[in-house]
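Undergrad: This is the content of upload39.cif (mmCIF, C-alpha atoms):
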```
data_structure
loop_
_atom_site.label_atom_id
_atom_site.label_comp_id
_atom_site.auth_asym_id
_atom_site.auth_seq_id
_atom_site.Cartn_x
_atom_site.Cartn_y
_atom_site.Cartn_z
CA MET T 1402 102.17 131.42 153.25
CA SER T 1403 99.59 134.04 154.05
CA THR T 1404 101.33 136.58 151.83
CA ASN T 1405 101.26 134.07 148.98
CA GLU T 1406 97.55 133.59 149.46
CA GLU T 1407 96.97 137.30 149.44
CA ALA T 1408 98.96 137.66 146.26
CA ALA T 1409 97.01 134.80 144.69
CA LYS T 1410 93.75 136.52 145.46
CA GLN T 1411 94.81 139.64 143.61
CA VAL T 1412 95.93 137.78 140.51
CA LEU T 1413 93.46 135.98 138.30
CA LEU T 1414 94.48 132.33 138.17
CA PRO T 1415 94.39 130.43 134.86
CA MET T 1416 91.50 128.22 135.95
CA GLU T 1417 89.58 131.29 137.08
CA LEU T 1418 89.93 132.79 133.63
CA ILE T 1419 88.48 129.61 132.15
CA ASP T 1420 85.67 129.81 134.69
CA ARG T 1421 84.90 133.39 133.70
CA SER T 1422 84.76 132.35 130.06
CA ILE T 1423 81.75 130.12 130.66
CA ASN T 1424 78.87 131.04 128.35
CA GLU T 1425 81.28 132.99 126.19
CA HIS T 1426 83.00 132.12 122.96
CA VAL T 1427 86.33 130.37 123.26
CA LEU T 1428 88.85 128.96 120.85
CA VAL T 1429 90.23 125.63 122.00
CA ILE T 1430 93.58 124.77 120.42
CA THR T 1431 94.70 121.16 120.53
CA THR T 1432 97.82 119.31 119.51
CA GLY T 1433 97.81 118.19 115.91
CA GLY T 1434 96.67 121.54 114.59
CA ARG T 1435 92.95 121.12 115.18
CA GLU T 1436 91.00 123.92 116.74
CA TYR T 1437 87.49 124.11 118.08
CA TYR T 1438 85.48 127.22 118.49
CA GLY T 1439 82.19 127.59 120.33
CA VAL T 1440 80.42 128.74 123.45
CA LEU T 1441 82.06 127.26 126.53
CA LYS T 1442 79.37 125.48 128.50
CA GLY T 1443 81.45 123.63 131.03
CA TYR T 1444 84.75 122.08 131.96
CA ASP T 1445 86.14 119.74 134.62
CA ASP T 1446 89.37 119.21 136.53
CA PHE T 1447 91.06 117.69 133.48
CA VAL T 1448 89.80 120.63 131.42
CA ASN T 1449 87.68 118.41 129.27
CA VAL T 1450 85.53 121.04 127.65
CA VAL T 1451 81.91 121.14 126.55
CA LEU T 1452 81.21 123.52 123.68
CA GLN T 1453 77.89 124.66 122.33
CA ASP T 1454 77.52 125.02 118.56
CA GLY T 1455 81.12 123.97 118.17
CA ILE T 1456 82.97 124.15 114.89
CA GLU T 1457 86.23 122.56 113.91
CA ILE T 1458 88.82 124.71 112.24
CA LYS T 1459 91.80 123.67 110.25
CA HIS T 1460 94.63 125.73 108.86
CA GLU T 1461 96.16 125.07 105.52
CA THR T 1462 99.45 123.33 105.96
CA THR T 1463 100.57 123.31 102.33
CA ALA T 1464 102.13 126.77 102.40
CA HIS T 1465 105.53 125.84 103.77
CA GLY T 1466 106.97 128.90 105.42
CA ALA T 1467 105.81 131.25 102.68
CA GLN T 1468 102.41 132.28 103.97
CA LEU T 1469 102.67 134.15 107.20
CA GLN T 1470 99.67 136.44 106.99
CA GLU T 1471 97.13 135.81 109.65
CA SER T 1472 94.07 133.90 108.69
CA LEU T 1473 91.27 132.51 110.79
CA GLY T 1474 91.49 129.17 109.04
CA GLU T 1475 88.66 127.30 107.44
CA VAL T 1476 85.72 125.59 109.04
CA VAL T 1477 85.96 121.90 108.27
CA ASN T 1478 83.21 120.59 110.50
CA LYS T 1479 80.17 121.78 112.35
CA TYR T 1480 78.97 119.94 115.40
CA GLY T 1481 75.58 119.86 117.02
CA LYS T 1482 74.32 121.67 120.00
CA GLU T 1483 76.83 120.13 122.33
CA MET T 1484 80.27 118.66 121.88
CA LEU T 1485 82.92 117.48 124.27
CA VAL T 1486 86.58 118.11 123.60
CA SER T 1487 88.87 115.84 125.59
CA GLY T 1488 91.29 117.73 127.79
CA GLN T 1489 94.04 115.26 126.93
CA ASN T 1490 95.10 117.21 123.86
CA ILE T 1491 94.12 120.76 124.74
CA VAL T 1492 97.11 123.07 124.73
CA MET T 1493 95.44 126.46 124.83
CA ILE T 1494 92.11 128.08 125.50
CA VAL T 1495 91.63 131.53 124.05
CA PRO T 1496 88.57 133.45 125.17
CA GLY T 1497 87.00 135.94 122.80
CA GLN T 1498 84.71 136.21 119.81
CA ARG T 1499 86.00 135.45 116.36
CA ASP T 1500 84.31 135.78 112.99
CA TYR T 1501 84.24 132.39 111.32
CA VAL T 1502 82.08 132.00 108.25
CA MET I 535 122.89 102.99 173.96
CA SER I 536 121.75 99.55 172.94
CA ILE I 537 118.18 98.37 172.77
CA GLN I 538 119.00 95.69 175.31
CA HIS I 539 120.20 98.32 177.70
CA LEU I 540 117.03 100.36 177.25
CA GLN I 541 114.84 97.31 177.75
CA ASP I 542 116.71 96.40 180.92
CA GLN I 543 116.28 99.92 182.18
CA GLN I 544 112.56 99.82 181.45
CA GLU I 545 112.15 96.48 183.23
CA GLU I 546 113.97 97.82 186.24
CA GLU I 547 111.73 100.84 186.36
CA ILE I 548 108.61 98.72 186.10
CA ALA I 549 109.83 96.35 188.79
CA ALA I 550 110.51 99.29 191.09
CA ALA I 551 107.07 100.69 190.39
CA ARG I 552 105.44 97.36 191.19
CA GLU I 553 107.25 97.17 194.48
CA THR I 554 105.99 100.56 195.54
CA GLN I 555 102.53 99.47 194.26
CA VAL I 556 102.28 102.53 192.13
CA LEU I 557 102.10 100.34 189.07
CA PRO I 558 99.75 97.33 189.11
CA PRO I 559 100.89 94.37 186.91
CA LEU I 560 98.34 94.99 184.18
CA THR I 561 99.61 98.42 183.29
CA GLN I 562 102.82 96.93 181.95
CA GLN I 563 100.99 95.61 178.94
CA GLN I 564 99.07 98.81 178.64
CA GLN I 565 102.27 100.78 178.68
CA GLN I 566 103.75 98.70 175.92
CA LYS I 567 100.59 99.05 173.87
CA SER I 568 100.55 102.78 174.29
CA ALA I 569 104.20 102.94 173.37
CA GLU I 570 103.72 101.09 170.07
CA PRO I 571 101.63 103.66 168.21
CA LYS I 572 104.11 106.35 169.17
CA HIS I 573 106.89 104.47 167.38
CA LYS I 574 104.70 104.03 164.34
CA GLU I 575 103.92 107.72 164.25
CA LYS I 576 107.61 108.51 164.40
CA ASN I 577 108.33 106.22 161.47
CA LYS I 578 105.53 107.76 159.45
CA SER I 579 106.73 111.30 160.01
CA LYS I 580 110.22 110.24 158.99
CA LYS I 581 108.90 108.86 155.73
CA LEU I 582 106.95 112.02 155.05
CA GLN I 583 109.89 114.29 155.73
CA GLY I 584 112.58 113.83 153.11
CA PRO I 585 113.72 116.75 150.96
CA LYS I 586 111.18 119.51 150.65
CA ARG I 587 109.94 119.80 147.10
CA ASP I 588 109.28 123.35 146.06
CA GLN I 589 108.53 124.35 142.52
CA ILE I 590 111.71 123.82 140.56
CA LEU I 591 111.13 126.98 138.57
CA ASP I 592 109.73 129.98 140.38
CA LEU I 593 107.62 131.73 137.79
CA GLU I 594 106.95 134.58 140.19
CA LYS I 595 110.06 136.41 139.01
CA TYR I 596 108.88 136.25 135.40
CA LYS I 597 105.50 137.76 136.14
CA ASP I 598 104.65 140.71 133.89
CA GLN I 599 107.66 139.78 131.80
CA SER I 600 107.82 138.41 128.32
CA VAL I 601 108.11 134.63 128.22
CA ARG I 602 108.35 132.04 125.51
CA VAL I 603 106.43 128.83 125.97
CA GLN I 604 106.75 125.76 123.80
CA LEU I 605 103.85 123.36 123.72
CA ALA I 606 103.20 119.93 122.33
CA GLY I 607 102.32 119.99 118.65
CA ASN I 608 105.16 122.26 117.50
CA ILE I 609 103.44 125.31 118.92
CA THR I 610 105.41 128.15 120.45
CA VAL I 611 103.68 131.00 122.23
CA THR I 612 105.24 134.22 123.38
CA GLY I 613 103.52 136.68 125.65
CA VAL I 614 103.54 138.51 128.92
CA LEU I 615 103.11 136.13 131.84
CA LYS I 616 100.15 137.37 133.85
CA SER I 617 99.53 134.48 136.20
CA TYR I 618 100.23 130.80 136.75
CA ASP I 619 99.28 128.01 139.13
CA ALA I 620 100.86 124.92 140.65
CA ALA I 621 100.03 122.82 137.57
CA MET I 622 101.98 125.35 135.44
CA ASN I 623 98.85 126.54 133.70
CA MET I 624 99.53 130.10 132.67
CA ILE I 625 97.73 133.18 131.49
CA LEU I 626 99.64 134.97 128.76
CA ASP I 627 98.75 138.46 127.60
CA ASP I 628 99.46 139.80 124.10
CA ALA I 629 100.15 136.22 123.14
CA VAL I 630 101.54 135.42 119.70
CA GLU I 631 101.32 131.87 118.44
CA TYR I 632 103.91 130.38 116.11
CA VAL I 633 103.31 127.02 114.53
CA ALA I 634 106.31 125.22 113.08
CA ASP I 635 106.39 122.64 110.33
CA GLU I 636 106.21 119.17 111.76
CA LEU I 637 108.95 117.85 109.50
CA ASP I 638 111.19 120.87 109.56
CA LEU I 639 110.92 122.75 112.86
CA SER I 640 112.93 125.69 111.52
CA LYS I 641 110.15 126.41 109.04
CA LEU I 642 107.42 128.62 110.38
CA LEU I 643 104.02 127.60 109.10
CA ARG I 644 101.96 130.40 110.53
CA LYS I 645 101.94 133.12 113.09
CA ARG I 646 99.03 134.91 114.63
CA THR I 647 98.14 137.06 117.58
CA LEU I 648 95.84 135.54 120.16
CA GLY I 649 95.64 138.23 122.82
CA VAL I 650 94.86 136.80 126.23
CA CYS I 651 95.08 133.04 126.39
CA VAL I 652 95.29 130.21 128.89
CA VAL I 653 98.14 127.79 128.34
CA ARG I 654 97.62 124.33 129.78
CA GLY I 655 100.43 123.07 131.96
CA THR I 656 99.87 119.43 131.03
CA LEU I 657 101.14 119.77 127.46
CA LEU I 658 103.84 122.25 128.19
CA VAL I 659 107.25 121.42 126.80
CA LEU I 660 109.48 124.38 127.61
CA VAL I 661 109.35 127.76 129.30
CA SER I 662 112.01 130.41 128.88
CA PRO I 663 111.94 133.99 130.05
CA ASN I 664 112.71 137.35 128.48
CA TYR I 665 111.93 136.35 124.96
CA ALA I 666 111.64 139.97 123.81
CA ALA I 667 115.07 140.86 125.15
CA LEU I 668 116.62 137.81 123.48
CA ALA I 669 114.90 138.48 120.19
CA SER I 670 116.03 142.11 120.06
CA SER I 671 119.63 141.14 120.82
CA ASN I 672 119.74 138.68 117.92
#
```
Translate the structure of the given file into structure tokens.
TA:
Amino acid sequence: MSTNEEAAKQVLLPMELIDRSINEHVLVITTGGREYYGVLKGYDDFVNVVLQDGIEIKHETTAHGAQLQESLGEVVNKYGKEMLVSGQNIVMIVPGQRDYV
Amino acid sequence: MSIQHLQDQQEEEIAAARETQVLPPLTQQQQQKSAEPKHKEKNKSKKLQGPKRDQILDLEKYKDQSVRVQLAGNITVTGVLKSYDAAMNMILDDAVEYVADELDLSKLLRKRTLGVCVVRGTLLVLVSPNYAALASSN
């Protein structure tokens, strides 16, 4: 047990990485292909997430299989100073700055 | 050993104790009262025992190895497993996201590199190890 705890201290746990991303830009990917990008202001045990200056991003889904080049996707919505994304549908949280228009 | 036998034995012991005046009459009730909680404790610990439930998949052996993770919403992510927790949240490094067509899962809609990312354990569908080795063998 104690060796496990020691090992856990050395490795950064997933929730710790989310904690370190506070006040930094994150991309929140949800089921259904919607993504939200903004400054992570807070989160809770369910990983409901509060974003500052959040934007909603959608990827074109018309190009069936053909288009595989990477694109950031297009901004479909801009939200106010604060927004809450429910943790129910969050599949991934990707820290790091991205250049959306 | 029957319960009746045990009870008889206990009564005999108590009677003997009363005769030698070691045990005043009142303590019989006290003894029974003090014996009750012990039985309850035993029952409780029996209920709590049962088969020990460890994690069914030990992700420790896949650490720093390439894994493939399928998530709800037709999303597949591959990457190097850096860490995980009891809720199966994971940190993947050099993660690549593949999104499949909802109607035809064999069609790849898009692919992109994400770098470091946190995968939530709640919407996890499938984890399989050594994706890189499998992909190169195909």
Undergrad: Which residues match the PyMOL selection byres ((chain I) within 9 of (chain T)) in the file above, as a VMD selection string?
TA: chain I and resid 605 to 609 616 to 619 623 to 625 633 to 635 641 to 658
Undergrad: Go ahead and compute the interatomic distance for CA of Leu1485 (chain T) and CA of Tyr1437 (chain T), in Å to one decimal.
TA: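 Spanning CA of Leu1485 (chain T) to CA of Tyr1437 (chain T) is a straight-line distance of 10.2 Å.
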Undergrad: Between CA of Leu1441 (chain T) and CA of Asn1478 (chain T), what is the distance in Å, rounded to a tenth?
TA: 17.4 Å
Undergrad: One decimal, in Å: what's the spacing between CA of Asp1446 (chain T) and CA of His1426 (chain T)?
TA: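 CA of His1426 (chain T) lies at a distance of 19.8 Å from CA of Asp1446 (chain T).
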